[in-house]
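Listing of input-v3.cif; format and content: mmCIF, C-alpha atoms.
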```cif
data_input
#
loop_
_atom_site.group_PDB
_atom_site.id
_atom_site.type_symbol
_atom_site.label_atom_id
_atom_site.label_comp_id
_atom_site.auth_asym_id
_atom_site.auth_seq_id
_atom_site.Cartn_x
_atom_site.Cartn_y
_atom_site.Cartn_z
ATOM 1 C CA MET S 23 0.000 0.000 0.000
ATOM 2 C CA ARG S 24 1.424 3.342 -0.995
ATOM 3 C CA PRO S 25 1.832 6.018 1.684
ATOM 4 C CA LEU S 26 -0.875 8.649 1.609
ATOM 5 C CA ALA S 27 0.107 12.293 1.339
ATOM 6 C CA GLU S 28 -1.084 14.674 4.047
ATOM 7 C CA HIS S 29 -3.251 16.603 1.586
ATOM 8 C CA GLU S 30 -5.046 13.340 0.692
ATOM 9 C CA VAL S 31 -5.664 12.546 4.361
ATOM 10 C CA PHE S 32 -7.188 15.940 5.062
ATOM 11 C CA GLN S 33 -9.151 15.929 1.789
ATOM 12 C CA ILE S 34 -10.739 12.622 2.758
ATOM 13 C CA GLN S 35 -11.444 13.948 6.254
ATOM 14 C CA ASN S 36 -13.213 16.945 4.723
ATOM 15 C CA GLU S 37 -15.254 14.606 2.499
ATOM 16 C CA LEU S 38 -16.181 12.493 5.537
ATOM 17 C CA ASP S 39 -17.183 15.616 7.464
ATOM 18 C CA GLN S 40 -19.626 16.464 4.641
ATOM 19 C CA MET S 41 -21.269 13.028 4.580
ATOM 20 C CA ASP S 42 -24.610 12.373 6.147
ATOM 21 C CA ALA S 43 -25.071 9.697 8.790
ATOM 22 C CA SER S 44 -26.208 7.010 6.320
ATOM 23 C CA GLU S 45 -23.073 7.416 4.171
ATOM 24 C CA LEU S 46 -20.843 7.182 7.242
ATOM 25 C CA GLU S 47 -22.788 4.156 8.408
ATOM 26 C CA LYS S 48 -22.060 2.401 5.081
ATOM 27 C CA ILE S 49 -18.332 2.990 5.569
ATOM 28 C CA GLY S 50 -18.558 1.750 9.149
ATOM 29 C CA LEU S 51 -20.443 -1.384 8.049
ATOM 30 C CA ASP S 52 -17.830 -2.048 5.355
ATOM 31 C CA PHE S 53 -15.113 -1.709 7.999
ATOM 32 C CA LEU S 54 -17.015 -4.050 10.333
ATOM 33 C CA ALA S 55 -17.537 -6.632 7.571
ATOM 34 C CA LYS S 56 -13.926 -6.647 6.381
ATOM 35 C CA GLN S 57 -12.116 -6.185 9.711
ATOM 36 C CA PRO S 58 -14.511 -7.263 12.487
ATOM 37 C CA ASP S 59 -11.840 -7.720 15.172
ATOM 38 C CA LEU S 60 -10.299 -4.326 14.475
ATOM 39 C CA TYR S 61 -13.712 -2.668 14.645
ATOM 40 C CA THR S 62 -14.537 -4.561 17.853
ATOM 41 C CA TYR S 63 -11.154 -3.618 19.337
ATOM 42 C CA LEU S 64 -12.020 0.075 18.997
ATOM 43 C CA LEU S 65 -15.505 -0.475 20.446
ATOM 44 C CA ASP S 66 -14.096 -2.449 23.378
ATOM 45 C CA LYS S 67 -11.350 0.074 24.105
ATOM 46 C CA GLY S 68 -13.927 2.840 24.018
ATOM 47 C CA GLU S 69 -15.593 1.232 27.007
ATOM 48 C CA GLU S 70 -12.528 1.798 29.203
ATOM 49 C CA SER S 71 -13.423 3.949 32.209
ATOM 50 C CA TYR S 72 -11.105 6.825 31.339
ATOM 51 C CA TYR S 73 -13.074 7.670 28.172
ATOM 52 C CA ASP S 74 -16.221 9.766 28.321
ATOM 53 C CA GLN S 75 -18.977 9.369 25.712
ATOM 54 C CA ASP S 76 -17.505 11.958 23.331
ATOM 55 C CA GLN S 77 -14.083 10.314 23.514
ATOM 56 C CA ARG S 78 -15.620 6.861 22.875
ATOM 57 C CA GLU S 79 -17.292 8.219 19.774
ATOM 58 C CA LEU S 80 -14.075 9.932 18.707
ATOM 59 C CA LEU S 81 -12.125 6.673 19.030
ATOM 60 C CA LEU S 82 -14.557 4.728 16.835
ATOM 61 C CA PHE S 83 -15.077 7.597 14.378
ATOM 62 C CA THR S 84 -11.316 7.979 13.964
ATOM 63 C CA GLY S 85 -11.065 4.250 13.234
ATOM 64 C CA ILE S 86 -13.784 4.558 10.599
ATOM 65 C CA CYS S 87 -11.979 7.569 9.108
ATOM 66 C CA LEU S 88 -8.694 5.649 8.976
ATOM 67 C CA TRP S 89 -10.488 2.775 7.246
ATOM 68 C CA ALA S 90 -11.982 5.192 4.696
ATOM 69 C CA MET S 91 -8.639 6.868 4.094
ATOM 70 C CA ILE S 92 -6.876 3.575 3.468
ATOM 71 C CA SER S 93 -9.597 1.867 1.466
ATOM 72 C CA GLN S 94 -10.830 4.816 -0.613
ATOM 73 C CA ARG S 95 -7.501 6.276 -1.733
ATOM 74 C CA ASN S 96 -6.090 2.964 -2.827
ATOM 75 C CA PRO S 97 -8.446 1.610 -5.501
ATOM 76 C CA GLN S 98 -6.512 -1.656 -5.626
ATOM 77 C CA PHE S 99 -6.758 -2.014 -1.836
ATOM 78 C CA ARG S 100 -8.001 -5.402 -0.822
ATOM 79 C CA PRO S 101 -7.201 -6.456 2.718
ATOM 80 C CA SER S 102 -5.093 -9.568 2.321
ATOM 81 C CA ARG S 103 -6.279 -10.886 5.653
ATOM 82 C CA LYS S 104 -8.332 -10.095 8.711
ATOM 83 C CA ILE S 105 -6.405 -8.824 11.701
ATOM 84 C CA SER S 106 -7.108 -10.949 14.775
ATOM 85 C CA MET S 107 -7.850 -9.798 18.296
ATOM 86 C CA ASP S 108 -4.702 -11.648 19.425
ATOM 87 C CA GLU S 109 -2.583 -9.609 16.998
ATOM 88 C CA LEU S 110 -4.192 -6.408 18.225
ATOM 89 C CA GLY S 111 -3.536 -7.398 21.838
ATOM 90 C CA GLU S 112 0.120 -8.070 21.046
ATOM 91 C CA GLY S 113 0.365 -4.780 19.169
ATOM 92 C CA GLU S 114 -1.180 -2.904 22.056
ATOM 93 C CA ILE S 115 1.386 -4.374 24.454
ATOM 94 C CA LEU S 116 4.222 -3.318 22.126
ATOM 95 C CA ASN S 117 2.787 0.188 21.866
ATOM 96 C CA MET S 118 2.400 0.394 25.644
ATOM 97 C CA MET S 119 6.069 -0.541 25.971
ATOM 98 C CA LEU S 120 6.963 2.043 23.333
ATOM 99 C CA PHE S 121 5.384 4.779 25.443
ATOM 100 C CA SER S 122 6.201 3.365 28.895
ATOM 101 C CA PRO S 123 9.137 5.727 29.553
ATOM 102 C CA ILE S 124 6.760 8.692 29.154
ATOM 103 C CA PRO S 125 4.833 9.819 32.251
ATOM 104 C CA GLN S 126 1.079 9.244 31.859
ATOM 105 C CA GLU S 127 0.159 12.930 31.927
ATOM 106 C CA ASP S 128 3.055 14.464 29.982
ATOM 107 C CA PRO S 129 1.492 15.517 26.676
ATOM 108 C CA VAL S 130 4.634 17.343 25.530
ATOM 109 C CA ALA S 131 6.793 14.210 25.769
ATOM 110 C CA LEU S 132 4.034 12.080 24.230
ATOM 111 C CA LYS S 133 3.635 14.411 21.262
ATOM 112 C CA LYS S 134 7.402 14.545 20.757
ATOM 113 C CA ARG S 135 7.610 10.723 20.728
ATOM 114 C CA LEU S 136 4.691 10.425 18.299
ATOM 115 C CA GLU S 137 6.247 12.978 15.965
ATOM 116 C CA GLU S 138 9.523 11.039 16.050
ATOM 117 C CA LEU S 139 7.615 7.871 15.146
ATOM 118 C CA ALA S 140 5.865 9.641 12.277
ATOM 119 C CA GLN S 141 9.211 10.420 10.663
ATOM 120 C CA GLU S 142 9.924 6.716 10.185
ATOM 121 C CA TYR S 143 6.397 5.259 10.031
ATOM 122 C CA VAL S 144 5.157 3.509 6.898
ATOM 123 C CA GLN S 145 2.100 5.818 6.769
ATOM 124 C CA PRO S 146 3.422 9.083 8.248
ATOM 125 C CA ALA S 147 0.471 11.231 7.146
ATOM 126 C CA LEU S 148 -1.980 8.896 8.865
ATOM 127 C CA LEU S 149 0.053 8.963 12.062
ATOM 128 C CA ARG S 150 0.165 12.772 11.893
ATOM 129 C CA TYR S 151 -3.614 12.724 11.477
ATOM 130 C CA ILE S 152 -3.859 10.714 14.707
ATOM 131 C CA ILE S 153 -1.486 13.147 16.423
ATOM 132 C CA ALA S 154 -3.726 16.047 15.394
ATOM 133 C CA ILE S 155 -6.747 14.275 16.897
ATOM 134 C CA ILE S 156 -5.016 13.359 20.150
ATOM 135 C CA PHE S 157 -3.861 16.927 20.691
ATOM 136 C CA SER S 158 -7.004 18.694 19.534
ATOM 137 C CA PRO S 159 -8.866 20.982 21.948
ATOM 138 C CA GLY S 160 -11.034 19.177 24.445
ATOM 139 C CA ILE S 161 -8.896 16.050 24.682
ATOM 140 C CA GLY S 162 -7.619 15.944 28.214
ATOM 141 C CA LYS S 163 -4.095 14.960 29.072
ATOM 142 C CA LYS S 164 -5.413 11.954 31.017
ATOM 143 C CA VAL S 165 -6.732 10.343 27.840
ATOM 144 C CA ALA S 166 -3.985 11.411 25.431
ATOM 145 C CA MET S 167 -1.806 8.387 26.240
ATOM 146 C CA PRO S 168 -4.617 5.782 25.969
ATOM 147 C CA LEU S 169 -5.823 7.382 22.733
ATOM 148 C CA ALA S 170 -2.277 7.260 21.360
ATOM 149 C CA ILE S 171 -1.894 3.588 22.259
ATOM 150 C CA HIS S 172 -5.318 2.515 20.977
ATOM 151 C CA LEU S 173 -5.256 4.527 17.754
ATOM 152 C CA LEU S 174 -1.655 3.553 16.955
ATOM 153 C CA THR S 175 -2.560 -0.098 17.560
ATOM 154 C CA ALA S 176 -5.495 0.266 15.160
ATOM 155 C CA LEU S 177 -3.309 2.013 12.574
ATOM 156 C CA ASP S 178 -0.682 -0.709 12.897
ATOM 157 C CA GLY S 179 -3.449 -3.220 12.216
ATOM 158 C CA PHE S 180 -4.562 -1.331 9.099
ATOM 159 C CA VAL S 181 -1.055 -1.157 7.654
ATOM 160 C CA ASP S 182 -0.435 -4.860 8.399
ATOM 161 C CA MET S 183 -3.423 -6.033 6.310
#
```
Please rewrite the model in this file as structure tokens.
Amino acid sequence: MRPLAEHEVFQIQNELDQMDASELEKIGLDFLAKQPDLYTYLLDKGEESYYDQDQRELLLFTGICLWAMISQRNPQFRPSRKISMDELGEGEILNMMLFSPIPQEDPVALKKRLEELAQEYVQPALLRYIIAIIFSPGIGKKVAMPLAIHLLTALDGFVDM
């Protein structure tokens, strides 16, 4: 899968922002049908106690957006396999270890580490998109780290398909 350019990522996000609920639902159902464990992972993680309702919705919506960005901008995209819950669990552990030296509520250090990762990541524009979401207004520093871990785990799953 070719890396997406940042302008493509934000163009798709703008298109998604203009869609009505039924169009977004179709994308979400496609995601669920083709990657049920990845979809379920985001739903399950959204139920963690540190997320409020808006943050739960943001987590799932961001996953749906990532799915749309990957599947819509690559016409030849066909997931070669379904990512399993076991793989996602292993990926989450690796991502937790990746961020373990960073204090839980240190958004400056977290953002710096994410930006360093983006420089070498296979889909840097998608990781920068996640960074923008994690550090957008209204996202508290208590949920920045879990969002980073869960969204990076989901993104890793998408790029491993």
> Can you list, as a PyMOL selection string, the residues that the PyMOL selection byres ((chain S and resi 84) around 10) selects here?
Replying inline: chain S and resi 35+64+78-83+85-90+151-152+155+173+176
> For Val144 (chain S), which residue among S:Val181, S:Glu114, S:Gln126, S:Gly68 is the nearest when counting only C-alpha atoms?
Replying inline: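 So, comparing all the options, the nearest one is S:Val181.
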>> Here is a test: counting all atoms listed in the file, which residue of S:His29, S:His172, S:Lys164, S:Lys56 is nearest to Ser106 (chain S)?
In response: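 Nearest to Ser106 (chain S): S:Lys56.
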> Quick one: of S:Lys134, S:Leu60, S:Leu148, S:Tyr72, who's nearest to Ile34 (chain S), counting all atoms listed in the file?
Replying inline: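 Closest candidate: S:Leu148.
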>> Which polymer residues, whether protein, DNA or RNA, lie within 9 Å of the coordinate (-9.0, -13.1, 9.0) when you count only C-alpha atoms? List them as a VMD selection string, using the chain letters and numbers from the file.
In response: chain S and resid 56 to 59 102 to 106
>> For a quick check of understanding, using all atoms listed in the file, which of S:Tyr61, S:Tyr73, S:Tyr143, S:Phe53 has the smallest distance to Leu174 (chain S)?
In response: S:Tyr143
> For Ala166 (chain S), which residue out of S:Gln40, S:Gln33, S:Gln77, S:Ser71 is the nearest one, using only C-alpha atoms?
Replying inline: S:Gln77
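Atom to atom, CA of Ala43 (chain S) and CA of Ile153 (chain S) stand 25.0 Å apart.
Across S:Ala147, S:Lys163, S:Gly113, S:Ile156, the tightest approach to Asp182 (chain S) is made by S:Gly113 when counting only C-alpha atoms.
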> Could you state the separation of CA of Met167 (chain S) and CA of Leu139 (chain S) in Å, given to one decimal place?
Replying inline: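 We find that CA of Met167 (chain S) and CA of Leu139 (chain S) lie 14.6 Å from each other.
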> Please, what distance in Å, to one decimal, runs between CA of Ile171 (chain S) and CA of Lys48 (chain S)?
Replying inline: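 Here the two named atoms are 26.5 Å from each other.
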> For this file, the PyMOL selection byres ((chain S and resi 117) around 10) selects which residues, as a PyMOL selection string?
Replying inline: chain S and resi 111-116+118-122+170-172+174-175+178
Find the smallest box with edges along x, y and z containing every listed atom of region 56-65 of chain S, then add 3 Å on each side and report centre and edge lengths in Å to one decimal, as lines of an AutoDock Vina configuration file.
```
center_x = -12.9
center_y = -3.8
center_z = 13.4
size_x = 11.2
size_y = 13.8
size_z = 20.1
```
